[in-house]
Amino acid sequence: MSEDLDLSRMIAYCAHLGMLYSDRRLRGAGYDVTPVQSRVLAYLSCCGGAVNQRDLERELHLRPSTINGIVGRLEEKGCISRRASTADARCRLVSLTEAGRARVAAFRTALADTNRRSTACLTEEERRQLAGLLSRVIANLENEVNST
């Protein structure tokens with residue numbers, strides 16, 4: 001393999017471009033959410049109930065202060081609510097409001113479009129191969145990160 005081939009940089013740049021495209025689609029359609037806010041809302045939607053804020057940190061691989069800021073902005077927009085856990089008052093539980101559920105349903109189309117457009121140049125077989133390869137890269141990096 002060529003030493004000039006910097007796959008990490010290419011993968012990071014693909015992620016960056018995907019976020020830019022998602023942001024443009026979400027804002028252009030008037031959804032008033034950023035891509036990372038949409039990921040929080042989509043995750044809460046999939047969970048179907050209250051989620052510990054620490055689970056959001058792990059799911060999105062973000063620091064507590066970053067998640068706290070994102071959750072705070074979504075709370076200001078009326079998309080989510082936070083409350084203390086009855087089991088452990090130190091834990092904050094986050095859940096979607098009705099407005100948040102409606103927003104998720106509306107912007108799923110924009111996110112699906114981002115996914116389709118980013119791989120439109122690939123055949124279905126190439127998409128499956130890419131998904132398999134990226135899954136292996138992710139697993140390898142997770143092992144490296146978690147072993148230290």
# chains A, B, ... in the order shown; residues from 1 in each chain; ligands from 1
>>> residues_around(residues="Leu56 (chain A)", least_positions_apart="3", cutoff="9 Å", atoms="only C-alpha atoms", output="MDAnalysis selection string")
chainID A and resid 40 43:44 51:53 59:62 64 67 94
>>> select_by_dssp(residues="region 39-121 of chain A", states="helix (DSSP H, G or I)", output="number ranges by chain")
A: 39-47, 53-60, 64-76, 98-118
>>> closest_residue(among="A:Asp32, A:Asp23, A:Glu124, A:Asp6", to="Arg103 (chain A)", atoms="only C-alpha atoms")
A:Asp32
>>> residues_around(residues="region 71-81 of chain A", least_positions_apart="4", cutoff="6 Å", atoms="only C-alpha atoms", output="ChimeraX atom specification")
/A:67,94-97,99-100
>>> select_by_dssp(residues="chain A", states="strand (DSSP E)", output="ChimeraX atom specification")
/A:51-52,80-84,92-96
>>> write_last_selection(atoms="N, CA and C atoms", output="short mmCIF file (atom, residue, chain, number, x, y, z; two decimals), in the first residue's frame")
data_model
loop_
_atom_site.label_atom_id
_atom_site.label_comp_id
_atom_site.auth_asym_id
_atom_site.auth_seq_id
_atom_site.Cartn_x
_atom_site.Cartn_y
_atom_site.Cartn_z
N VAL A 51 -33.72 8.43 28.74
CA VAL A 51 -32.37 7.92 28.59
C VAL A 51 -31.46 8.68 29.55
N ASN A 52 -30.59 7.96 30.21
CA ASN A 52 -29.60 8.59 31.07
C ASN A 52 -28.68 9.45 30.20
N ILE A 80 -36.83 18.40 24.00
CA ILE A 80 -36.58 17.38 25.02
C ILE A 80 -36.87 17.95 26.41
N SER A 81 -36.98 17.04 27.35
CA SER A 81 -37.09 17.44 28.76
C SER A 81 -36.06 16.65 29.55
N ARG A 82 -35.60 17.25 30.64
CA ARG A 82 -34.64 16.60 31.54
C ARG A 82 -35.24 16.55 32.94
N ARG A 83 -34.94 15.46 33.63
CA ARG A 83 -35.37 15.36 35.03
C ARG A 83 -34.37 14.47 35.76
N ALA A 84 -34.34 14.62 37.05
CA ALA A 84 -33.46 13.79 37.87
C ALA A 84 -34.03 12.38 37.93
N ARG A 92 -29.21 12.48 35.29
CA ARG A 92 -30.25 13.21 34.58
C ARG A 92 -30.82 12.32 33.50
N LEU A 93 -32.15 12.24 33.44
CA LEU A 93 -32.84 11.47 32.41
C LEU A 93 -33.36 12.43 31.36
N VAL A 94 -33.15 12.08 30.12
CA VAL A 94 -33.53 12.92 28.98
C VAL A 94 -34.59 12.18 28.18
N SER A 95 -35.63 12.89 27.78
CA SER A 95 -36.66 12.26 26.94
C SER A 95 -37.21 13.28 25.95
N LEU A 96 -37.78 12.74 24.87
CA LEU A 96 -38.38 13.59 23.84
C LEU A 96 -39.71 14.16 24.33
#
>>> closest_residue(among="A:Ala112, A:Ile70, A:Leu41, A:Leu20", to="Glu98 (chain A)", atoms="only C-alpha atoms")
A:Leu41
>>> closest_residue(among="A:Arg117, A:Arg39, A:Arg24, A:Arg54", to="Val104 (chain A)", atoms="only C-alpha atoms")
A:Arg39
>>> residues_around(residues="Leu17 (chain A)", least_positions_apart="5", cutoff="12 Å", atoms="only C-alpha atoms", output="PyMOL selection string")
chain A and resi 10-12+22-24+35+114-115+117-118
>>> write_last_selection(atoms="N, CA, C and O atoms", output="mmCIF file, in the first residue's frame")
data_model
loop_
_atom_site.group_PDB
_atom_site.id
_atom_site.type_symbol
_atom_site.label_atom_id
_atom_site.label_comp_id
_atom_site.auth_asym_id
_atom_site.auth_seq_id
_atom_site.Cartn_x
_atom_site.Cartn_y
_atom_site.Cartn_z
ATOM 1 N N MET A 10 -8.917 10.689 4.831
ATOM 2 C CA MET A 10 -10.020 10.584 3.874
ATOM 3 C C MET A 10 -11.340 10.278 4.584
ATOM 4 O O MET A 10 -12.376 10.868 4.271
ATOM 5 N N ILE A 11 -11.303 9.369 5.549
ATOM 6 C CA ILE A 11 -12.507 9.020 6.299
ATOM 7 C C ILE A 11 -13.002 10.234 7.084
ATOM 8 O O ILE A 11 -14.199 10.533 7.094
ATOM 9 N N ALA A 12 -12.073 10.936 7.728
ATOM 10 C CA ALA A 12 -12.444 12.133 8.491
ATOM 11 C C ALA A 12 -13.041 13.198 7.574
ATOM 12 O O ALA A 12 -14.026 13.860 7.927
ATOM 13 N N SER A 22 -25.482 17.489 5.656
ATOM 14 C CA SER A 22 -26.632 17.304 6.557
ATOM 15 C C SER A 22 -27.081 18.631 7.135
ATOM 16 O O SER A 22 -28.281 18.918 7.202
ATOM 17 N N ASP A 23 -26.126 19.431 7.576
ATOM 18 C CA ASP A 23 -26.458 20.727 8.160
ATOM 19 C C ASP A 23 -27.186 21.600 7.143
ATOM 20 O O ASP A 23 -28.205 22.224 7.462
ATOM 21 N N ARG A 24 -26.696 21.609 5.916
ATOM 22 C CA ARG A 24 -27.338 22.407 4.866
ATOM 23 C C ARG A 24 -28.762 21.933 4.605
ATOM 24 O O ARG A 24 -29.689 22.735 4.492
ATOM 25 N N PRO A 35 -26.722 18.790 12.783
ATOM 26 C CA PRO A 35 -26.600 17.346 12.621
ATOM 27 C C PRO A 35 -26.420 16.604 13.949
ATOM 28 O O PRO A 35 -27.033 15.564 14.166
ATOM 29 N N THR A 114 -29.222 12.508 2.902
ATOM 30 C CA THR A 114 -27.769 12.649 3.070
ATOM 31 C C THR A 114 -27.097 11.301 2.861
ATOM 32 O O THR A 114 -26.083 11.201 2.163
ATOM 33 N N ASN A 115 -27.654 10.267 3.452
ATOM 34 C CA ASN A 115 -27.088 8.931 3.309
ATOM 35 C C ASN A 115 -27.114 8.472 1.846
ATOM 36 O O ASN A 115 -26.124 7.961 1.326
ATOM 37 N N ARG A 117 -27.307 10.334 -0.910
ATOM 38 C CA ARG A 117 -26.427 11.158 -1.760
ATOM 39 C C ARG A 117 -24.953 10.844 -1.549
ATOM 40 O O ARG A 117 -24.172 10.903 -2.492
ATOM 41 N N SER A 118 -24.579 10.532 -0.309
ATOM 42 C CA SER A 118 -23.164 10.290 -0.034
ATOM 43 C C SER A 118 -22.660 9.005 -0.685
ATOM 44 O O SER A 118 -21.481 8.879 -0.969
#
>>> residues_around(residues="Ser38 (chain A)", least_positions_apart="4", cutoff="8 Å", atoms="only C-alpha atoms", output="mmCIF file with N, CA and C atoms, in the first residue's frame")
data_model
loop_
_atom_site.group_PDB
_atom_site.id
_atom_site.type_symbol
_atom_site.label_atom_id
_atom_site.label_comp_id
_atom_site.auth_asym_id
_atom_site.auth_seq_id
_atom_site.Cartn_x
_atom_site.Cartn_y
_atom_site.Cartn_z
ATOM 1 N N VAL A 33 -32.264 22.409 13.590
ATOM 2 C CA VAL A 33 -31.415 21.519 14.374
ATOM 3 C C VAL A 33 -30.109 21.307 13.618
ATOM 4 N N THR A 34 -29.038 21.116 14.358
ATOM 5 C CA THR A 34 -27.749 20.798 13.765
ATOM 6 C C THR A 34 -27.681 19.281 13.567
ATOM 7 N N ALA A 42 -32.747 11.604 17.234
ATOM 8 C CA ALA A 42 -32.996 10.299 16.611
ATOM 9 C C ALA A 42 -32.703 9.165 17.593
ATOM 10 N N VAL A 104 -38.422 14.896 14.857
ATOM 11 C CA VAL A 104 -37.687 13.714 14.382
ATOM 12 C C VAL A 104 -38.372 13.136 13.152
ATOM 13 N N PHE A 107 -37.572 15.404 10.098
ATOM 14 C CA PHE A 107 -36.234 15.510 9.508
ATOM 15 C C PHE A 107 -35.608 14.180 9.119
#
